[in-house]
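Here is the structure we will look at, set down as structure tokens.
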Amino acid sequence: MLDIRFVREHTDKVIEALGKRNESTAILDKFLEIENRRRDVLKEVEDQRQTRNRVTKEIGTLKKEGKDAASLLSRAKEISDRITEKESSLRALEENALQELLLIPNVPDESVPVGKDENENVEIRTWGARPEFSFEPLNHWDIGEELDILDFERAGKIAGARFVINKGAGAKLERALMNFMLNLHTKEHGYTEIFPPVLVNKEAMTGTGQLPKFEEDLFKENSKGFYLIPTAEVPVTNIHRQEILNEDDLPIYYTAHTPCFRREAGSHGKDTRGLIRQHQFNKVELVKFVKPEESCNELEALTRNAEEVLMRLGLHYRVVSLCTGDIGFSAAKTYDLEVWFPAQQKFREISSCSNFTDFQARRAGIRFKSPGKKGTRFVHTLNGSGLAVGRTFAAILENYQQEDGSVIIPEALQHFMGTEKISKS
RNA sequence: GGAGAGGUGGCCGAGUGGUUGAAGGCAGCCGCCUGCUAAGCGGUUGUGGGGGUCACACCUCACCCAGGGUUCGAAUCCCUGCCUCUCCGCCA
């Protein structure tokens, strides 16, 4: 969420940001109206509390001296009643103001290209080259089923659409990818491995910005009100919720491998086949907590860390800077990594790396303190996929498929797979 | 699931319902002192909001797990929730 004072004092900037995002300023107007009333009532409440504190103290003194305080008592009672009344309307205003504020998106960074939708995203760089095939390359789901390493049909039987069973070498490849990615990030990129809960509470979901706006994207557990995480960003960022970190502890780098769960409501008919859009998928996530002045550079570094995975797997990809109309609600800036899918003849998102500036930190109350200095500041949080395992799996099948139906295992993975190739058994 | 105990500042730890934002200790910071170090002496140190200032100063409100309640007044009393710990049972 944005700083209340910033919204109040730089309303023009917020209006501009909403405009760039193609969003109406209606929420802002509503927020400001409530906020102004809140401040008026707050002033009244505080003035009256001050009076009450004075009278109350006097009563205490009189009682101690054994004097009569009856007249003051009735006056104090009167004031208190009035305060109680005002307080309840103040509480309502505070709650309403917060609810509106939670719906206002982050302000895009200056460097983010202005654009309406994904068509105006800007390609930053590409790596590698499209693989050449002497035959018509197959879709990964056909390859996977043919090799008997992916089973969508039976997954449908036990769970439903948008689920998959990995089998044999398919299960092993999934595991190899997770190990490869985690090893790279922990051993070479300096991230600390985390294995967090995948069921989280409402506060955690609000902290990273999934709630209240995107409830329909989430699976909710009914008996205790847990939510299944749509990304490890949620539990891992919330590790430090409501904490004041020491400046010396920053930056903090975490990586986590978790299953992710998404309702995919509103994407009926999109990517109905294959691994691209599943209700459950594995992902290795990168999360950073950094000082504000460093978050821009940290985003570049984080993105490079994710790219390294693709480079080592020898997968052709490009980096795209999302335009203002396409960046996520909580993000100030986002780079998407898109990997080449030969069968579809297009680049598909495989990682999304974002700088959330202080937007999540303010929601989640993650601050830091400099030793010897007064006050605290909000950290900046960043995260990115490093990478989505299912989509990486799919990309490997498609890019490394052979004419005989087998799939070559990229060298970086061979050690984890114990084999150079997956063939039909 | 059953039975208990407990949640106070960066940490430890006090706290008869009325100058307690909170004793004391530790740690930190600033001085002083002592060949150096250690010790010693004095002072100082929470967070958030509102007002105020060029900026300080300063004024004020709130905060002793969270949310309600009792009261003129709550860290202190009552209720609910959350979390932690111990014992029993169950369990991967």
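A note on labels: chains of the structure tokens are A, B, ... as shown, every chain counts residues from 1, and ligands are counted from 1 in their shown order.
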
Close residues, segment 28-35 of chain B itself excluded, 8 Å, only C-alpha atoms (C1' of nucleotides), min 6 positions apart in chain, as a PyMOL selection string: (chain A and resi 372) or (chain B and resi 41-45)

Pull out every residue of chain B sitting within 8 Å of chain A, counting only C-alpha atoms (C1' of nucleotides), and send them as JSON, numbers by chain. {"B": [18, 28, 29, 50, 60, 61, 72, 73]}

Okay, now the selection with N, CA, C and O atoms (P, O5', C5', C4', C3', O3' and C1' of nucleotides), as a compact mmCIF listing (two decimals), in the first residue's frame?
# COMPACT_ATOMS: atom_id res chain seq x y z
P G B 18 -2.98 2.58 41.06
O5' G B 18 -3.52 3.67 40.03
C5' G B 18 -2.64 4.18 39.03
C4' G B 18 -2.98 5.65 38.76
C3' G B 18 -2.28 6.61 39.72
O3' G B 18 -1.38 7.41 38.94
C1' G B 18 -4.62 7.05 39.58
P G B 28 27.66 -2.64 24.30
O5' G B 28 26.72 -1.60 23.57
C5' G B 28 26.22 -1.86 22.26
C4' G B 28 25.34 -0.74 21.80
C3' G B 28 25.97 0.65 21.88
O3' G B 28 26.80 0.91 20.76
C1' G B 28 23.79 0.72 22.79
P C B 29 28.12 1.78 20.97
O5' C B 29 27.52 3.25 21.09
C5' C B 29 26.80 3.84 20.00
C4' C B 29 26.16 5.12 20.44
C3' C B 29 27.10 6.13 21.09
O3' C B 29 27.84 6.86 20.11
C1' C B 29 25.14 5.94 22.39
P G B 50 0.09 11.78 10.28
O5' G B 50 -0.59 12.80 11.29
C5' G B 50 -2.00 12.96 11.32
C4' G B 50 -2.38 13.94 12.38
C3' G B 50 -1.71 15.30 12.30
O3' G B 50 -2.30 16.14 11.32
C1' G B 50 -1.64 14.55 14.52
P U B 60 1.87 18.30 26.32
O5' U B 60 0.90 17.55 25.29
C5' U B 60 -0.41 18.06 25.06
C4' U B 60 -1.03 17.34 23.91
C3' U B 60 -1.16 15.83 24.06
O3' U B 60 -2.27 15.48 24.87
C1' U B 60 -0.36 16.35 21.89
P C B 61 -2.28 14.12 25.68
O5' C B 61 -2.73 13.09 24.55
C5' C B 61 -4.03 13.17 23.99
C4' C B 61 -4.17 12.16 22.87
C3' C B 61 -3.75 10.74 23.22
O3' C B 61 -4.75 10.05 23.94
C1' C B 61 -2.81 11.34 21.15
P C B 72 -17.81 5.56 36.05
O5' C B 72 -16.64 6.47 35.46
C5' C B 72 -16.96 7.59 34.65
C4' C B 72 -15.74 8.46 34.50
C3' C B 72 -14.46 7.70 34.20
O3' C B 72 -14.33 7.46 32.81
C1' C B 72 -14.06 9.20 35.97
P G B 73 -13.84 6.06 32.32
O5' G B 73 -12.33 6.05 32.82
C5' G B 73 -11.38 6.93 32.22
C4' G B 73 -10.07 6.83 32.93
C3' G B 73 -9.46 5.44 33.01
O3' G B 73 -8.79 5.09 31.82
C1' G B 73 -9.32 6.49 35.12

When distances are computed from only C-alpha atoms, which of A:Ser267, A:Ser321, A:Asn179, A:Asn106 shows the smallest separation from Glu16 of chain A?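 Of all the options, A:Asn106 lies closest to Glu16 of chain A.
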
Could you give me, as a PDB file with N, CA, C and O atoms (P, O5', C5', C4', C3', O3' and C1' of nucleotides), in the first residue's frame, the residues within 12 Å of G4 of chain B, counting only C-alpha atoms (C1' of nucleotides) and dropping anything in the same chain fewer than 2 positions from it?
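New file part.pdb:
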ATOM      1  P     G B   2     -10.474 -30.651  24.229  1.00  0.00           P
ATOM      2  O5'   G B   2      -9.876 -31.512  25.427  1.00  0.00           O
ATOM      3  C5'   G B   2     -10.714 -32.386  26.162  1.00  0.00           C
ATOM      4  C4'   G B   2      -9.935 -32.994  27.295  1.00  0.00           C
ATOM      5  C3'   G B   2      -9.278 -32.001  28.241  1.00  0.00           C
ATOM      6  O3'   G B   2     -10.178 -31.491  29.210  1.00  0.00           O
ATOM      7  C1'   G B   2      -7.689 -33.620  27.621  1.00  0.00           C
ATOM      8  P     G B   6       0.344 -18.360  35.251  1.00  0.00           P
ATOM      9  O5'   G B   6       1.104 -17.758  33.994  1.00  0.00           O
ATOM     10  C5'   G B   6       2.516 -17.561  34.021  1.00  0.00           C
ATOM     11  C4'   G B   6       3.047 -17.407  32.634  1.00  0.00           C
ATOM     12  C3'   G B   6       2.638 -16.147  31.888  1.00  0.00           C
ATOM     13  O3'   G B   6       3.371 -15.027  32.344  1.00  0.00           O
ATOM     14  C1'   G B   6       2.554 -18.006  30.431  1.00  0.00           C
ATOM     15  P     C B  85       6.690 -24.114  21.749  1.00  0.00           P
ATOM     16  O5'   C B  85       6.738 -24.322  23.327  1.00  0.00           O
ATOM     17  C5'   C B  85       7.865 -23.887  24.078  1.00  0.00           C
ATOM     18  C4'   C B  85       7.591 -24.056  25.546  1.00  0.00           C
ATOM     19  C3'   C B  85       7.171 -25.453  25.977  1.00  0.00           C
ATOM     20  O3'   C B  85       8.278 -26.325  26.129  1.00  0.00           O
ATOM     21  C1'   C B  85       5.731 -23.866  26.969  1.00  0.00           C
ATOM     22  P     U B  86       8.073 -27.895  25.917  1.00  0.00           P
ATOM     23  O5'   U B  86       7.358 -28.334  27.264  1.00  0.00           O
ATOM     24  C5'   U B  86       8.052 -28.271  28.512  1.00  0.00           C
ATOM     25  C4'   U B  86       7.144 -28.741  29.619  1.00  0.00           C
ATOM     26  C3'   U B  86       6.466 -30.090  29.390  1.00  0.00           C
ATOM     27  O3'   U B  86       7.318 -31.178  29.695  1.00  0.00           O
ATOM     28  C1'   U B  86       4.872 -28.535  30.173  1.00  0.00           C
ATOM     29  P     C B  87       7.118 -32.560  28.916  1.00  0.00           P
ATOM     30  O5'   C B  87       5.809 -33.149  29.586  1.00  0.00           O
ATOM     31  C5'   C B  87       5.815 -33.598  30.939  1.00  0.00           C
ATOM     32  C4'   C B  87       4.422 -33.978  31.375  1.00  0.00           C
ATOM     33  C3'   C B  87       3.716 -35.006  30.494  1.00  0.00           C
ATOM     34  O3'   C B  87       4.139 -36.338  30.747  1.00  0.00           O
ATOM     35  C1'   C B  87       2.222 -33.257  30.986  1.00  0.00           C
ATOM     36  P     C B  88       4.096 -37.406  29.556  1.00  0.00           P
ATOM     37  O5'   C B  88       2.535 -37.681  29.408  1.00  0.00           O
ATOM     38  C5'   C B  88       1.814 -38.369  30.420  1.00  0.00           C
ATOM     39  C4'   C B  88       0.354 -38.433  30.067  1.00  0.00           C
ATOM     40  C3'   C B  88       0.015 -39.068  28.721  1.00  0.00           C
ATOM     41  O3'   C B  88       0.074 -40.493  28.742  1.00  0.00           O
ATOM     42  C1'   C B  88      -1.248 -37.100  28.988  1.00  0.00           C
TER      43        C B  88
END

Run DSSP on the backbone and give me the residues of segment 183-329 of chain A it puts in strand (DSSP E or B), as a ChimeraX atom specification. /A:192-194,199-200,220,227-228,243-246,252-261,280-290,317-321

Env of G24 of chain B: 12 Å cut, atoms = only C-alpha atoms (C1' of nucleotides), seq-sep filter 3 positions within chain, self excluded. Answer as a VMD selection string. chain B and resid 12 to 15

With the cut-off set at 12 Å and counting only C-alpha atoms (C1' of nucleotides), tabulate each residue of chain B with an atom at most that distance from an atom of segment 234-258 of chain A, showing the nearest atom pair and its distance in Å to one decimal, ordered by chain and increasing number, as a Markdown table.
| residue | atom | partner | partner_atom | distance |
| --- | --- | --- | --- | --- |
| B:G10 | C1' | A:Asn246 | CA | 10.0 |
| B:G46 | C1' | A:Ile244 | CA | 11.9 |
| B:U47 | C1' | A:Ile244 | CA | 10.2 |

Got time to write the residues from that selection, C-alpha atoms (C1' of nucleotides), as a CSV table (one decimal), in the first residue's frame?
chain,number,residue,atom,x,y,z
B,10,G,C1',16.8,-4.4,21.5
B,46,G,C1',11.1,2.8,22.1
B,47,U,C1',7.4,3.0,18.0

With a distance cut-off of 12 Å and only C-alpha atoms (C1' of nucleotides), select the neighbouring residues of Ala26 of chain A, excluding the residue or stretch itself and same-chain residues fewer than 6 positions from it, and output the selection as a ChimeraX atom specification. /A:14-15,18-19,32-33,100-101,103-104

Just C-alpha atoms for this one: save the residues we selected as a PDB file, in the first residue's frame.
ATOM      1  CA  VAL A  14      -1.035   8.990  -7.699  1.00  0.00           C
ATOM      2  CA  ILE A  15      -3.473  10.209 -10.330  1.00  0.00           C
ATOM      3  CA  LEU A  18      -3.365   5.326 -12.053  1.00  0.00           C
ATOM      4  CA  GLY A  19      -3.615   6.906 -15.479  1.00  0.00           C
ATOM      5  CA  LEU A  32      -9.418  10.877  -0.022  1.00  0.00           C
ATOM      6  CA  GLU A  33     -12.948  11.691   0.971  1.00  0.00           C
ATOM      7  CA  GLU A 100      -9.740   1.758   0.013  1.00  0.00           C
ATOM      8  CA  LEU A 101      -6.022   2.301   0.399  1.00  0.00           C
ATOM      9  CA  LEU A 103      -7.025  -1.290  -3.362  1.00  0.00           C
ATOM     10  CA  ILE A 104      -4.760   1.422  -4.760  1.00  0.00           C
TER      11      ILE A 104
END

All residues 9 Å or closer to C64 of chain B, only C-alpha atoms (C1' of nucleotides), same chain fewer than 6 positions away omitted, as a PyMOL selection string: chain B and resi 8-9+22+75

DSSP-assigned helix (DSSP H, G or I) members of segment 58-162 of chain A, reported as a PyMOL selection string: chain A and resi 58-64+70-101+118-120+140-146+152-158

Got a sec: who's within 10 Å of Arg277 of chain A, counting only C-alpha atoms (C1' of nucleotides), leaving out chain neighbours fewer than 4 positions off, as a PyMOL selection string? chain A and resi 162-163+262+264+267+270-273+281+390-391

Under the rule that only C-alpha atoms (C1' of nucleotides) are counted, which of B:G89, B:G21, B:G69, B:G48 is the nearest residue to A3 of chain B?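 Selected residue with least distance to A3 of chain B: B:G89.
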
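Put simply, atom CA of Arg125 of chain A is 12.0 Å away from atom CA of Thr303 of chain A.
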
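A straight line drawn from atom CA of Gly170 of chain A to atom CA of Met417 of chain A is 10.2 Å long.
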